[in-house]
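First comes the structure, then the notes that go with it.
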Amino acid sequence: MGGSSFRRIGKLASISSKNQSCRGFSSTVETLKKTDQLTPTKSVNLFSAINQALHIALDSDPRSYVFGEDVGFGGVFRCTTGLADRFGKQRVFNTPLCEQGIVGFAIGLAAMDNRAIAEIQFADYIFPAFDQIVNEAAKFRYRSGNQFNCGGLTIRTPYGAVGHGGHYHSQSPESFFCHVPGIKVVIPRSPRQAKGLLLSSIRDPNPVVFFEPKLLYRMAVEEVPEDDYMLPLSEAEVLREGTDITLVGWGAQLSIMEQACAEAAKEGISCELIDLKTLIPWDKETVEASVKKTGRLLISHEAPVTGGFGAEISASIVERCFTRLEAPVARVCGLDTPFPLVFEPFYLPTKNKILDAIKSTVNY
Amino acid sequence: MALSTSRRINHILKPLSAAVSSTRRLSSDSTATITVETSLPFTGHNIDPPSRSIDTSPKELLTFFKDMTEMRRMEIAADSLYKAKLIRGFCHLYDGQEAVGVGMEAAITRKDCIITAYRDHCIFLGRGGTLLESFAELMGRKDGCSRGKGGSMHFYKKEGGFYGGHGIVGAQVPLGVGLAFAQKYSKEEYVTFAMYGDGAANQGQLFEALNMAALWDLPAILVCENNHYGMGTAEWRAAKSPAYYKRGDYVPGLKVDGMDVFAVKQACKFAKEHALKNGPIILEMDTYRYHGHSMSDPGSTYRTRDEISGVRQERDPIERVRKLILAHDIATEKELKEIEKETRKVVDEAIAKAKESPMPDPSELFTNVYVKGFGVEELGDQESHSRTILSFIRVAPGVKLTGLMMLSDQCI
């Protein structure tokens, strides 16, 4: 797992200007600039990019707040460092250890036209708040006939394996939330992506659950524009063009997939790699167009394979591209076990597992 | 067991005949001050309770009578509409508890927020909602307060500061605390009343919310409407300590006779002043619902009919006000009957009008899930999906959705 592959993905990042005109939520910067126009950039890691985004969010909108367990001190992953000093304890503050209460509180705050940026310290701890997210946040607009909403709500939470996290600091619970119309689920793959997508999520007039790949907090380093910029939600990105097979993933898993693509290329297999970025509502068109071209699809995620979001992608693409598929859709995912401690390397969808699946799919 | 049950029930029935004591009689001037005494003294927890005597006027007494009568009539009518299958889904009625909604509203402004659970029809009326909006919403019609998309449990009124009916037991309380934070932060001198029942009082998130409210001195008033039954379970079967006003421990509390509109008003006024200065407070409103928990609950399997009729005779909030009005010669028995008759008429007219309101447009099935244009088209490829669904609705036999069917033609 070399730093080079993270940098590589970073370099491939491009910023589309689609949907530029439709960000009209309150009094914020509505610009969506192209990468090349963004100057200057600075080489930073992912937690610093998140930190920059939070600084900008608090700075550009006086009605935004950051809170969660220990965030006043910078948070366990240092994402909120310096925010309380700069913006005051009234806007950046620690909460008690009560996830359900935190999210309920955040929904109420957002319902008064504020931007509530709540942190759940680990995605593994989000489950006490599941009811608030699913039943209160997601349906507020719908059931009130558009009178109320909590669109200013963004829940940030670190997810995924780090090598030694064990059962309750490693999980990837994104698919639970993908079953809930009314919220968006966003997962960035790199520092530059994290900053732009987080700012979009915060300013999006819909509640967003933003999963941060905690493995990459320090490991992924990339040139990140210091400016305020946003990256569009629900727009997938083709990171690597290819002709033989389409690979779809998100977050930290993309770097593993990228390595597998590079290995496959040595054996003459041309892979197309897509970063989905937003899981719901997801960009079916980009994936569909790619699969129509390559005729093959592989999805990879850390969460257990059964009921994972890969299943949804697979089903949708089979519906749309049935006659174009040359092979069954492959899923290389976590095993159907609790996230293990000592068996983590066996559980994870590693590069070699992906490479094997690429080969068997192409040679089907 | 039986003994302890009856002993526990006795306190629900405590007679309050001492209520109609007055210090001044008769006034034809509608704004003249009348001083009344609350039925019972308040009981405080970590706080000195407010005075039992409260000033009112003939005008206010008549307004209370009218408002509570209208609420009760609306709920009785909703019961019939539900039984006639014009209201579908879930429906929780408020009759018996009217004094809480009316008394609270009398003490506060519309800039103060109220958020409650699913027993929300009358709170909505109190916040300035209309009967038409209520009945139309109950029947899922376009003119409903949530455009027919919410139903019984989800009434809202933004301009009235009513943050709505919420379906999950206890989940609205943390939201209320968030509202209070926003109020405090914007330095407005307003408060939030977060209402919940004695059933929800056992929810964990209530204590999470209370802790945050107290920690940050938020102007949040937690109103426990103790109607003594969490669904079909008596409070004493569910709560080790049914003294809900004391449950906040470090947060002061006040026990209020929730069947006495003046006690509620006095308590809410007191609580608002307290919350603005010192942070949260719990108000336990001792009240009673005549109906069952929801429409599938006859309300008579876990309590005796004698208990219900006893409360009606001894503690009914409307009867209490009626007695006060008569005792002060503000109106005659006949005039009050006239008001009731008129209310019935107004309610019937609203129902007739609501029935004429069309179903929401079928396309509303897909609206307000996300904001249009942000990343994806709101419907996405659901457009084709919706066409399938709508054509299904059209061919499905026996589906009584004529309005919907008609509109779906335009939509497709």
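The way I read the labels, and the way they are meant: chains A, B, ... in the order of the structure tokens, residue 1 as the first residue of every chain, and ligand 1 as the first ligand shown, with later ones counted on from there.
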Write out as JSON lines a residue-level contact list of stretch 75-150 of chain A versus stretch 185-194 of chain A with cut-off 12 Å: for each qualifying residue the closest pair of atoms and the distance in Å to one decimal, counting only C-alpha atoms, rows sorted by chain and residue number upward.
{"residue": "A:Cys79", "atom": "CA", "partner": "A:Ala194", "partner_atom": "CA", "distance": 11.7}
{"residue": "A:Ile133", "atom": "CA", "partner": "A:Val185", "partner_atom": "CA", "distance": 11.6}
{"residue": "A:Ala138", "atom": "CA", "partner": "A:Val185", "partner_atom": "CA", "distance": 11.5}
Export, as a short mmCIF file (atom, residue, chain, number, x, y, z; two decimals), in the first residue's frame, the selected residues with all heavy atoms.
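Listed below is the output, result.cif:
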data_model
loop_
_atom_site.label_atom_id
_atom_site.label_comp_id
_atom_site.auth_asym_id
_atom_site.auth_seq_id
_atom_site.Cartn_x
_atom_site.Cartn_y
_atom_site.Cartn_z
N CYS A 79 -9.17 16.42 12.81
CA CYS A 79 -9.88 17.09 11.72
C CYS A 79 -10.40 18.47 12.13
O CYS A 79 -10.60 19.33 11.29
CB CYS A 79 -11.06 16.25 11.25
SG CYS A 79 -10.53 14.76 10.42
N ILE A 133 -31.39 9.50 11.93
CA ILE A 133 -31.02 9.75 10.53
C ILE A 133 -32.11 9.24 9.59
O ILE A 133 -32.55 9.93 8.68
CB ILE A 133 -29.66 9.08 10.21
CG1 ILE A 133 -28.55 9.69 11.07
CG2 ILE A 133 -29.33 9.20 8.73
CD1 ILE A 133 -27.24 8.93 11.03
N ALA A 138 -34.12 12.03 7.21
CA ALA A 138 -34.38 11.72 5.80
C ALA A 138 -35.79 12.08 5.36
O ALA A 138 -36.01 12.41 4.21
CB ALA A 138 -34.11 10.24 5.56
#
Sorted by chain and rising residue number, list the residues of chain B at most 7 Å from chain A (counting only C-alpha atoms), each with its closest atom pair and distance in Å to one decimal, as JSON lines.
{"residue": "B:Ser146", "atom": "CA", "partner": "A:Gly145", "partner_atom": "CA", "distance": 4.3}
{"residue": "B:Arg147", "atom": "CA", "partner": "A:Gly145", "partner_atom": "CA", "distance": 5.3}
{"residue": "B:Lys149", "atom": "CA", "partner": "A:Arg143", "partner_atom": "CA", "distance": 5.5}
{"residue": "B:Gly150", "atom": "CA", "partner": "A:Arg143", "partner_atom": "CA", "distance": 4.4}
{"residue": "B:His154", "atom": "CA", "partner": "A:Arg143", "partner_atom": "CA", "distance": 6.3}
{"residue": "B:Phe155", "atom": "CA", "partner": "A:Ser144", "partner_atom": "CA", "distance": 7.0}
{"residue": "B:Tyr156", "atom": "CA", "partner": "A:Ser144", "partner_atom": "CA", "distance": 6.1}
{"residue": "B:Lys158", "atom": "CA", "partner": "A:Gln147", "partner_atom": "CA", "distance": 6.3}
{"residue": "B:Ala171", "atom": "CA", "partner": "A:Gln132", "partner_atom": "CA", "distance": 6.9}
{"residue": "B:Pro174", "atom": "CA", "partner": "A:Gly104", "partner_atom": "CA", "distance": 4.6}
{"residue": "B:Leu175", "atom": "CA", "partner": "A:Gly108", "partner_atom": "CA", "distance": 4.0}
{"residue": "B:Gly176", "atom": "CA", "partner": "A:Gly108", "partner_atom": "CA", "distance": 6.0}
{"residue": "B:Val177", "atom": "CA", "partner": "A:Phe105", "partner_atom": "CA", "distance": 5.8}
{"residue": "B:Gly178", "atom": "CA", "partner": "A:Phe105", "partner_atom": "CA", "distance": 4.1}
{"residue": "B:Leu179", "atom": "CA", "partner": "A:Gly108", "partner_atom": "CA", "distance": 4.8}
{"residue": "B:Phe181", "atom": "CA", "partner": "A:Leu109", "partner_atom": "CA", "distance": 6.8}
{"residue": "B:Ala182", "atom": "CA", "partner": "A:Leu109", "partner_atom": "CA", "distance": 5.7}
{"residue": "B:Gln205", "atom": "CA", "partner": "A:Gly101", "partner_atom": "CA", "distance": 5.7}
{"residue": "B:Glu208", "atom": "CA", "partner": "A:Gly101", "partner_atom": "CA", "distance": 5.3}
{"residue": "B:Ala209", "atom": "CA", "partner": "A:Gly101", "partner_atom": "CA", "distance": 5.5}
{"residue": "B:Asn368", "atom": "CA", "partner": "A:Tyr142", "partner_atom": "CA", "distance": 4.9}
{"residue": "B:Val369", "atom": "CA", "partner": "A:Gly182", "partner_atom": "CA", "distance": 4.8}
{"residue": "B:Tyr370", "atom": "CA", "partner": "A:Gly182", "partner_atom": "CA", "distance": 5.6}
{"residue": "B:Val371", "atom": "CA", "partner": "A:Pro205", "partner_atom": "CA", "distance": 6.5}
{"residue": "B:Gly373", "atom": "CA", "partner": "A:Cys22", "partner_atom": "CA", "distance": 6.2}
{"residue": "B:Phe374", "atom": "CA", "partner": "A:Cys22", "partner_atom": "CA", "distance": 6.4}
{"residue": "B:Gly375", "atom": "CA", "partner": "A:Leu233", "partner_atom": "CA", "distance": 4.9}
{"residue": "B:Val376", "atom": "CA", "partner": "A:Ser234", "partner_atom": "CA", "distance": 6.1}
Write to file, as a CSV table (one decimal), in the first residue's frame, the residues of the selection just made, with N, CA and C atoms.
chain,number,residue,atom,x,y,z
B,146,SER,N,-49.8,19.6,5.5
B,146,SER,CA,-48.5,19.1,4.9
B,146,SER,C,-48.8,18.6,3.5
B,147,ARG,N,-49.7,19.3,2.9
B,147,ARG,CA,-50.1,19.0,1.5
B,147,ARG,C,-50.6,17.6,1.3
B,149,LYS,N,-49.3,15.0,2.5
B,149,LYS,CA,-48.2,14.0,2.5
B,149,LYS,C,-47.8,13.5,3.9
B,150,GLY,N,-48.4,14.1,4.9
B,150,GLY,CA,-48.0,13.8,6.3
B,150,GLY,C,-49.0,12.9,6.9
B,154,HIS,N,-48.2,13.9,11.2
B,154,HIS,CA,-47.3,14.8,10.7
B,154,HIS,C,-47.9,16.2,10.3
B,155,PHE,N,-48.4,16.9,11.3
B,155,PHE,CA,-48.9,18.2,11.1
B,155,PHE,C,-47.8,19.2,11.3
B,156,TYR,N,-47.7,20.2,10.5
B,156,TYR,CA,-46.7,21.2,10.7
B,156,TYR,C,-47.3,22.6,10.4
B,158,LYS,N,-45.2,26.2,9.8
B,158,LYS,CA,-44.0,26.9,9.9
B,158,LYS,C,-44.2,28.3,10.5
B,171,ALA,N,-38.3,10.8,19.8
B,171,ALA,CA,-37.3,11.3,18.9
B,171,ALA,C,-37.3,12.8,18.7
B,174,PRO,N,-34.7,15.5,21.3
B,174,PRO,CA,-33.4,16.1,20.9
B,174,PRO,C,-33.6,17.2,19.8
B,175,LEU,N,-34.5,17.0,18.9
B,175,LEU,CA,-34.7,18.0,17.9
B,175,LEU,C,-35.1,19.4,18.6
B,176,GLY,N,-36.0,19.2,19.6
B,176,GLY,CA,-36.4,20.4,20.3
B,176,GLY,C,-35.2,21.1,21.0
B,177,VAL,N,-34.3,20.3,21.5
B,177,VAL,CA,-33.1,20.9,22.1
B,177,VAL,C,-32.2,21.6,21.1
B,178,GLY,N,-32.2,21.1,19.9
B,178,GLY,CA,-31.5,21.8,18.8
B,178,GLY,C,-32.1,23.1,18.4
B,179,LEU,N,-33.5,23.1,18.4
B,179,LEU,CA,-34.2,24.3,18.1
B,179,LEU,C,-33.8,25.4,19.2
B,181,PHE,N,-31.2,25.6,21.0
B,181,PHE,CA,-29.8,26.0,20.8
B,181,PHE,C,-29.8,27.2,19.7
B,182,ALA,N,-30.5,27.0,18.6
B,182,ALA,CA,-30.6,28.0,17.6
B,182,ALA,C,-31.2,29.3,18.1
B,205,GLN,N,-32.9,8.6,24.7
B,205,GLN,CA,-32.5,9.9,24.1
B,205,GLN,C,-33.0,11.1,24.8
B,208,GLU,N,-30.3,12.1,27.0
B,208,GLU,CA,-29.2,12.7,26.2
B,208,GLU,C,-29.6,14.2,25.9
B,209,ALA,N,-30.8,14.4,25.5
B,209,ALA,CA,-31.2,15.7,25.1
B,209,ALA,C,-31.2,16.6,26.4
B,368,ASN,N,-40.0,16.4,-2.9
B,368,ASN,CA,-39.6,16.6,-1.5
B,368,ASN,C,-38.8,15.5,-0.9
B,369,VAL,N,-38.2,14.6,-1.7
B,369,VAL,CA,-37.3,13.6,-1.2
B,369,VAL,C,-35.9,14.3,-1.1
B,370,TYR,N,-35.5,14.9,-2.3
B,370,TYR,CA,-34.3,15.7,-2.3
B,370,TYR,C,-34.7,17.1,-2.9
B,371,VAL,N,-33.8,18.0,-2.8
B,371,VAL,CA,-34.0,19.3,-3.5
B,371,VAL,C,-33.6,19.1,-5.0
B,373,GLY,N,-32.3,19.4,-8.6
B,373,GLY,CA,-31.2,20.1,-9.3
B,373,GLY,C,-29.9,20.0,-8.5
B,374,PHE,N,-29.8,19.4,-7.4
B,374,PHE,CA,-28.6,19.3,-6.7
B,374,PHE,C,-27.9,18.0,-6.9
B,375,GLY,N,-27.1,17.9,-7.9
B,375,GLY,CA,-26.4,16.7,-8.2
B,375,GLY,C,-27.2,15.7,-9.1
B,376,VAL,N,-28.4,15.5,-8.8
B,376,VAL,CA,-29.2,14.6,-9.6
B,376,VAL,C,-30.5,15.3,-9.9
Please identify every residue of stretch 275-312 of chain B that has at least one atom no farther than 10 Å from an atom of stretch 37-61 of chain B, counting only C-alpha atoms, and for each give the shortest atom pair and the distance in Å to one decimal, arranged by chain then increasing number, as a tab-separated table.
residue	atom	partner	partner_atom	distance
B:Ile281	CA	B:Ile47	CA	9.5
B:Ile282	CA	B:His45	CA	9.2
B:Leu283	CA	B:Gly44	CA	9.5
B:Glu284	CA	B:Thr43	CA	9.7
### Task
Do a neighbour search on A:Val238 at 8 Å with only C-alpha atoms, toss out local chain neighbours closer than 6 positions, and write the hits as an NGL selection string.
:A and (272-275)
Go ahead and write the selection's residues with N, CA, C and O atoms as a PDB file, in the first residue's frame.
ATOM      1  N   GLU A 272     -11.046  -0.044 -16.776  1.00  0.00           N
ATOM      2  CA  GLU A 272     -11.581   1.298 -16.555  1.00  0.00           C
ATOM      3  C   GLU A 272     -11.986   1.384 -15.084  1.00  0.00           C
ATOM      4  O   GLU A 272     -12.720   0.528 -14.591  1.00  0.00           O
ATOM      5  N   LEU A 273     -11.500   2.422 -14.402  1.00  0.00           N
ATOM      6  CA  LEU A 273     -11.760   2.541 -12.955  1.00  0.00           C
ATOM      7  C   LEU A 273     -12.633   3.764 -12.683  1.00  0.00           C
ATOM      8  O   LEU A 273     -12.321   4.872 -13.122  1.00  0.00           O
ATOM      9  N   ILE A 274     -13.722   3.542 -11.969  1.00  0.00           N
ATOM     10  CA  ILE A 274     -14.671   4.631 -11.696  1.00  0.00           C
ATOM     11  C   ILE A 274     -14.790   4.862 -10.189  1.00  0.00           C
ATOM     12  O   ILE A 274     -14.984   3.911  -9.423  1.00  0.00           O
ATOM     13  N   ASP A 275     -14.684   6.118  -9.795  1.00  0.00           N
ATOM     14  CA  ASP A 275     -14.942   6.507  -8.402  1.00  0.00           C
ATOM     15  C   ASP A 275     -16.379   7.007  -8.336  1.00  0.00           C
ATOM     16  O   ASP A 275     -16.731   8.017  -8.951  1.00  0.00           O
TER      17      ASP A 275
END
### Query
If we count only C-alpha atoms, what is near A:Arg86 at a cut-off of 12 Å, once residues fewer than 4 positions away on the same chain are taken out, given as number ranges by chain?
A: 54-56, 58-59, 72, 74, 80-82, 90-92
So that I have them on file, write out the residues from the current selection with N, CA and C atoms, as a PDB file, in the first residue's frame.
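Once written, part-v9.pdb looks like this:
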ATOM      1  N   LEU A  54     -13.617  22.622   6.775  1.00  0.00           N
ATOM      2  CA  LEU A  54     -14.414  23.061   7.928  1.00  0.00           C
ATOM      3  C   LEU A  54     -14.134  24.527   8.248  1.00  0.00           C
ATOM      4  N   HIS A  55     -12.864  24.909   8.134  1.00  0.00           N
ATOM      5  CA  HIS A  55     -12.536  26.326   8.324  1.00  0.00           C
ATOM      6  C   HIS A  55     -13.331  27.195   7.342  1.00  0.00           C
ATOM      7  N   ILE A  56     -13.314  26.776   6.091  1.00  0.00           N
ATOM      8  CA  ILE A  56     -14.008  27.564   5.058  1.00  0.00           C
ATOM      9  C   ILE A  56     -15.519  27.588   5.325  1.00  0.00           C
ATOM     10  N   LEU A  58     -17.114  27.293   8.146  1.00  0.00           N
ATOM     11  CA  LEU A  58     -17.458  28.151   9.283  1.00  0.00           C
ATOM     12  C   LEU A  58     -17.232  29.620   8.947  1.00  0.00           C
ATOM     13  N   ASP A  59     -16.196  29.854   8.150  1.00  0.00           N
ATOM     14  CA  ASP A  59     -15.842  31.222   7.803  1.00  0.00           C
ATOM     15  C   ASP A  59     -16.842  31.837   6.825  1.00  0.00           C
ATOM     16  N   GLY A  72     -13.986  19.880  20.086  1.00  0.00           N
ATOM     17  CA  GLY A  72     -13.453  21.143  20.607  1.00  0.00           C
ATOM     18  C   GLY A  72     -11.939  21.090  20.774  1.00  0.00           C
ATOM     19  N   GLY A  74     -10.052  19.275  18.829  1.00  0.00           N
ATOM     20  CA  GLY A  74      -9.428  18.883  17.566  1.00  0.00           C
ATOM     21  C   GLY A  74      -9.877  17.534  17.065  1.00  0.00           C
ATOM     22  N   THR A  80     -10.649  18.654  13.414  1.00  0.00           N
ATOM     23  CA  THR A  80     -11.258  19.914  13.849  1.00  0.00           C
ATOM     24  C   THR A  80     -10.251  20.799  14.594  1.00  0.00           C
ATOM     25  N   THR A  81      -8.982  20.523  14.394  1.00  0.00           N
ATOM     26  CA  THR A  81      -7.932  21.306  15.047  1.00  0.00           C
ATOM     27  C   THR A  81      -8.069  22.802  14.749  1.00  0.00           C
ATOM     28  N   GLY A  82      -7.988  23.577  15.786  1.00  0.00           N
ATOM     29  CA  GLY A  82      -7.943  25.037  15.598  1.00  0.00           C
ATOM     30  C   GLY A  82      -9.286  25.705  15.351  1.00  0.00           C
ATOM     31  N   GLN A  90     -18.815  28.839  20.955  1.00  0.00           N
ATOM     32  CA  GLN A  90     -20.253  28.867  20.693  1.00  0.00           C
ATOM     33  C   GLN A  90     -20.588  28.152  19.393  1.00  0.00           C
ATOM     34  N   ARG A  91     -19.604  28.063  18.507  1.00  0.00           N
ATOM     35  CA  ARG A  91     -19.878  27.447  17.199  1.00  0.00           C
ATOM     36  C   ARG A  91     -19.160  26.120  17.001  1.00  0.00           C
ATOM     37  N   VAL A  92     -18.144  25.878  17.812  1.00  0.00           N
ATOM     38  CA  VAL A  92     -17.393  24.622  17.703  1.00  0.00           C
ATOM     39  C   VAL A  92     -17.303  24.056  19.109  1.00  0.00           C
TER      40      VAL A  92
END
Report as a PDB file with C-alpha atoms, in the first residue's frame all protein, DNA and RNA residues lying within 7 Å of stretch 209-226 of chain A, evaluated on only C-alpha atoms, omitting residues in the same chain fewer than 6 positions from it.
ATOM      1  CA  GLY A   3       1.869   6.369  -1.035  1.00  0.00           C
ATOM      2  CA  PHE A   6      -2.594   7.660  -3.541  1.00  0.00           C
ATOM      3  CA  ARG A   7      -0.701  10.407  -5.233  1.00  0.00           C
ATOM      4  CA  GLY A  10      -4.874  12.423  -6.659  1.00  0.00           C
ATOM      5  CA  LEU A  38      -7.383  27.107  -8.357  1.00  0.00           C
ATOM      6  CA  THR A  39      -4.267  28.625  -6.960  1.00  0.00           C
ATOM      7  CA  PRO A  40      -2.283  28.235  -4.937  1.00  0.00           C
ATOM      8  CA  THR A  41      -2.204  24.620  -3.907  1.00  0.00           C
ATOM      9  CA  LYS A  42      -0.462  23.030  -1.016  1.00  0.00           C
ATOM     10  CA  SER A  43       0.547  19.470  -0.382  1.00  0.00           C
ATOM     11  CA  VAL A  44      -1.601  18.265   2.518  1.00  0.00           C
ATOM     12  CA  ASN A  45      -3.021  15.050   3.903  1.00  0.00           C
ATOM     13  CA  LEU A  46      -6.652  14.138   4.109  1.00  0.00           C
ATOM     14  CA  PHE A  47      -7.385  15.249   7.669  1.00  0.00           C
ATOM     15  CA  THR A 154     -24.016  17.045   7.437  1.00  0.00           C
ATOM     16  CA  ILE A 155     -22.860  14.104   9.508  1.00  0.00           C
ATOM     17  CA  ARG A 156     -19.144  13.444   9.184  1.00  0.00           C
ATOM     18  CA  THR A 157     -17.874  10.099  10.288  1.00  0.00           C
ATOM     19  CA  PRO A 158     -14.653   8.122   9.735  1.00  0.00           C
ATOM     20  CA  TYR A 159     -15.101   4.633   8.345  1.00  0.00           C
ATOM     21  CA  GLY A 160     -13.098   1.661   7.192  1.00  0.00           C
ATOM     22  CA  ALA A 161     -10.167  -0.564   7.986  1.00  0.00           C
ATOM     23  CA  VAL A 162      -6.858   0.725   9.297  1.00  0.00           C
ATOM     24  CA  LYS A 184     -27.158  11.534   0.514  1.00  0.00           C
ATOM     25  CA  VAL A 185     -24.150   9.364   1.169  1.00  0.00           C
ATOM     26  CA  VAL A 186     -20.775  10.720   0.081  1.00  0.00           C
ATOM     27  CA  ILE A 187     -17.331   9.141   0.372  1.00  0.00           C
ATOM     28  CA  PRO A 188     -14.145  10.860  -0.878  1.00  0.00           C
ATOM     29  CA  SER A 190      -8.314  11.683  -1.558  1.00  0.00           C
ATOM     30  CA  PRO A 191      -7.511  14.999   0.162  1.00  0.00           C
ATOM     31  CA  ARG A 192      -8.503  17.176  -2.771  1.00  0.00           C
ATOM     32  CA  GLY A 251     -13.157   5.828  -0.764  1.00  0.00           C
ATOM     33  CA  ALA A 252      -9.994   4.082   0.355  1.00  0.00           C
TER      34      ALA A 252
END
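Using only C-alpha atoms, the shortest contact distance between B:Lys85 and any of B:Gln313, B:Val347, B:Gly140, B:Ile330 is found at B:Gly140.
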### Message
So that I can see what lies close to B:His92, please list as number ranges by chain the residues with an atom at most 10 Å from it, counting only C-alpha atoms and leaving out residues fewer than 6 positions away in the same chain.
### Response
B: 75, 78-79, 118-121, 152-153, 289, 291-297
Neighbour list for B:Ala354 as a tab-separated table (two decimals) with C-alpha atoms, in the first residue's frame, cut-off 10 Å, only C-alpha atoms, skip fewer than 4 positions in-chain:
chain	number	residue	atom	x	y	z
B	131	LEU	CA	-59.90	22.90	10.81
B	132	LEU	CA	-59.85	22.59	7.06
B	133	GLU	CA	-56.09	22.08	6.97
B	134	SER	CA	-56.44	19.50	9.71
B	135	PHE	CA	-59.20	17.44	8.18
B	136	ALA	CA	-57.70	17.68	4.73
B	137	GLU	CA	-54.38	16.43	6.10
B	138	LEU	CA	-56.08	13.66	8.04
B	139	MET	CA	-57.74	12.49	4.85
B	140	GLY	CA	-54.56	12.91	2.82
B	141	ARG	CA	-55.84	15.75	0.68
B	142	LYS	CA	-54.07	18.51	-1.16
B	143	ASP	CA	-55.30	21.27	1.15
B	144	GLY	CA	-53.83	19.59	4.22
B	348	ASP	CA	-68.92	19.79	9.89
B	349	GLU	CA	-68.41	22.51	7.32
B	350	ALA	CA	-64.65	22.04	7.45
B	358	PRO	CA	-58.45	16.63	-4.23
### Query
What are the DSSP alpha helix (DSSP H) residues of stretch 78-264 of chain B, as a ChimeraX atom specification?
/B:78-83,98-107,121-126,131-138,172-185,204-215,235-238,261-264
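Take atom CA of A:Leu247 and atom CA of A:Ser170: the distance between them is 23.2 Å.
Comparing B:Val100, B:Met359, B:Ile76, B:Ile351 by their smallest distance to B:Pro317, the closest is B:Val100 (using only C-alpha atoms).
Take the candidates A:Lys195, A:Arg115, A:Lys351, A:Lys359 and check each one against A:Ala330 using only C-alpha atoms; the shortest distance goes to A:Lys359.
In this model, the gap between atom CA of B:Met231 and atom CA of B:Ile12 comes to 16.6 Å.
In this model, the gap between atom CA of B:Ala238 and atom CA of B:Gly204 comes to 13.8 Å.
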